[in-house]
Amino acid sequence: MPELPEVETVRRTLKRTILNEEFKEVYIYYPNIIETPNPDLFKEQLKGQKIIDFLRRGKFLIFELTDYYLLVHLRMEGKFFMRKHDDPLTKHEHIAFLFKSGVELRYHDTRKFGRMYLYHKEDAFKMKPLSELGLEPWDDKLTVDYLRQKYKHKKLPIKSVLLDQSIITGIGNIYADEILFLSHVNPLKIACDLTKKDCLQIIDNTRNVLMQAIEKGGTTIRSYESSEGVHGRFQESLLVHNREHEKCPNCGTEIIKIRVGGRGTYYCSKCQK
Ligand SMILES: [Zn+2]
């Protein structure tokens with residue numbers, strides 16, 4: 001599943017490849033991907049728009065256009081492929097963006113869970129879903145005080161709270177396990193009981209883990225096609241996630257898998273008391 005590092009890698013790749021392209025036509029084969037506006041208006045508004053930049057907020061990829069922001073959430077399986085206009089459409093290609101240059105960007109999604117939103121620039125950050133997002137991991141406002149304030153009334157396990165996109169945005173299930181392991185915090189620890197030291201560790205390790213993953217993605221991804229490739233490569237360096245019954249890299253204790261809030265969670269019972 002694409003998390004912040006994978007989305008960031010896709011953002012950088014698209015920016016290298018299709019910056020300044022101008023939309024000529026949009027073909028929608030599975031309209032449910034378009035959350036807003038309606039598909040006809042979506043097509044109409046995109047025509048003639050030029051891509052000025054690619055941004056990211058949390059796990060949202062954002063095309064900055066002349067007058068609009070096009071937000072894309074890849075969810076489980078969303079990917080972009082570059083095609084020629086006359087290349088045959090494959091089974092899981094649901095939207096095609098034809099540019100004036102003749103190249104075509106296709107949105108591919110085997111699960112069809114991905115979503116797109118097109119908003120006027122002045123509205124995009126004031127409306128859902130962007131308005132609901134918390135701080136980016138590298139935001140200067142992400143401090144121990146900020147976390148303690150947010151966690152003060154949270155009587156949920158920290159693992160679940162780390163996945164709450166309204167506090168820190170961009171952390172998914174895989175990286176949450178890695179962050180807690182490096183921070184020596186038990187995933188079941190109740191968020192309001194976290195110490196200042198725990199919060200500081202979580203902030204530092206969130207930044208470190210995500211940055212390392214971005215760097216790995218940046219070196220392995222060859223095109224938008226390979227969010228799978230990025231995932232595969234980064235998995236080699238995961239310390240606890242998906243490593244049930246393997247030895248903790250710190251102390252040799254067997255890694256345990258539990259479920260927290262319905263999500264598979266891996267940790268070392270000795271290092272994360
Ligand atoms: Zn350990």
# chains A, B, ... in the order shown; residues from 1 in each chain; ligands from 1
$ residues_near_ligand --ligand "ligand 1" --cutoff "8 Å" --atoms "only C-alpha atoms and all ligand atoms" --output "PyMOL selection string"
chain A and resi 247-255+268-272
$ select_by_dssp --residues "region 91-242 of chain A" --states "alpha helix (DSSP H)" --output "JSON, numbers by chain"
{"A": [121, 122, 123, 124, 144, 145, 146, 147, 148, 149, 150, 151, 158, 159, 160, 161, 162, 173, 174, 175, 176, 177, 178, 179, 180, 181, 182, 196, 197, 198, 199, 200, 201, 202, 203, 204, 205, 206, 207, 208, 209, 210, 211, 212, 213, 214, 215, 216, 217, 218, 219, 220, 227, 228, 229, 230, 231, 232, 233, 234, 235]}
$ residues_around --residues "Tyr267 (chain A)" --least-positions-apart "3" --cutoff "8 Å" --atoms "only C-alpha atoms" --output "list in words"
Asp177, Phe181, Asn186, Pro187, Val240, His241, Ile255, Ile256, Lys257 and Gln272 of chain A
$ residues_around --residues "region 70-77 of chain A" --least-positions-apart "2" --cutoff "7 Å" --atoms "only C-alpha atoms" --output "PyMOL selection string"
chain A and resi 1-2+59-64+68+79+109-111+113-119
$ closest_residue --among "A:Thr36, A:Asn205, A:Thr143, A:Thr17" --to "Leu105 (chain A)" --atoms "only C-alpha atoms"
A:Thr17
$ residues_around --residues "Gly261 (chain A)" --least-positions-apart "4" --cutoff "12 Å" --atoms "only C-alpha atoms" --output "number ranges by chain"
A: 156-164, 173, 187-188, 265
$ write_last_selection --atoms "C-alpha atoms" --output "mmCIF file, in the first residue's frame"
data_model
loop_
_atom_site.group_PDB
_atom_site.id
_atom_site.type_symbol
_atom_site.label_atom_id
_atom_site.label_comp_id
_atom_site.auth_asym_id
_atom_site.auth_seq_id
_atom_site.Cartn_x
_atom_site.Cartn_y
_atom_site.Cartn_z
ATOM 1 C CA LEU A 156 -6.285 4.671 22.689
ATOM 2 C CA PRO A 157 -3.114 2.654 22.026
ATOM 3 C CA ILE A 158 -0.357 4.801 20.526
ATOM 4 C CA LYS A 159 -0.232 2.499 17.501
ATOM 5 C CA SER A 160 -3.790 3.513 16.567
ATOM 6 C CA VAL A 161 -3.174 7.175 17.376
ATOM 7 C CA LEU A 162 -0.102 7.298 15.105
ATOM 8 C CA LEU A 163 -2.372 6.259 12.224
ATOM 9 C CA ASP A 164 -4.756 9.156 12.959
ATOM 10 C CA ASN A 173 0.661 0.757 9.326
ATOM 11 C CA PRO A 187 2.318 -0.176 20.598
ATOM 12 C CA LEU A 188 -0.348 -0.809 23.233
ATOM 13 C CA THR A 265 1.171 -4.891 14.628
#
$ closest_residue --among "A:Lys197, A:Lys15, A:Lys126, A:Arg263" --to "His184 (chain A)" --atoms "only C-alpha atoms"
A:Lys197
$ residues_around --residues "Leu98 (chain A)" --least-positions-apart "3" --cutoff "7 Å" --atoms "only C-alpha atoms" --output "JSON list (two decimals) with N, CA and C atoms, in the first residue's frame"
[["chain", "number", "residue", "atom", "x", "y", "z"],
["A", 23, "PHE", "N", -3.33, 19.68, -20.33],
["A", 23, "PHE", "CA", -4.39, 18.69, -20.55],
["A", 23, "PHE", "C", -5.16, 19.00, -21.84],
["A", 24, "LYS", "N", -5.28, 17.98, -22.70],
["A", 24, "LYS", "CA", -6.06, 18.15, -23.92],
["A", 24, "LYS", "C", -7.43, 17.49, -23.77],
["A", 25, "GLU", "N", -7.42, 16.28, -23.22],
["A", 25, "GLU", "CA", -8.68, 15.53, -23.10],
["A", 25, "GLU", "C", -8.54, 14.56, -21.92],
["A", 26, "VAL", "N", -9.67, 14.27, -21.28],
["A", 26, "VAL", "CA", -9.66, 13.31, -20.17],
["A", 26, "VAL", "C", -10.69, 12.23, -20.47],
["A", 85, "HIS", "N", -1.16, 7.59, -26.77],
["A", 85, "HIS", "CA", -2.61, 7.68, -26.87],
["A", 85, "HIS", "C", -3.23, 6.44, -27.53],
["A", 102, "GLY", "N", 0.83, 14.87, -26.73],
["A", 102, "GLY", "CA", 0.54, 13.55, -27.28],
["A", 102, "GLY", "C", 0.78, 12.41, -26.29],
["A", 103, "VAL", "N", 1.49, 12.69, -25.19],
["A", 103, "VAL", "CA", 1.67, 11.63, -24.20],
["A", 103, "VAL", "C", 0.40, 11.50, -23.36],
["A", 104, "GLU", "N", 0.20, 10.33, -22.83],
["A", 104, "GLU", "CA", -1.00, 10.08, -22.05],
["A", 104, "GLU", "C", -0.62, 9.46, -20.71],
["A", 105, "LEU", "N", -1.17, 10.03, -19.66],
["A", 105, "LEU", "CA", -0.96, 9.51, -18.30],
["A", 105, "LEU", "C", -2.19, 8.69, -17.94]]
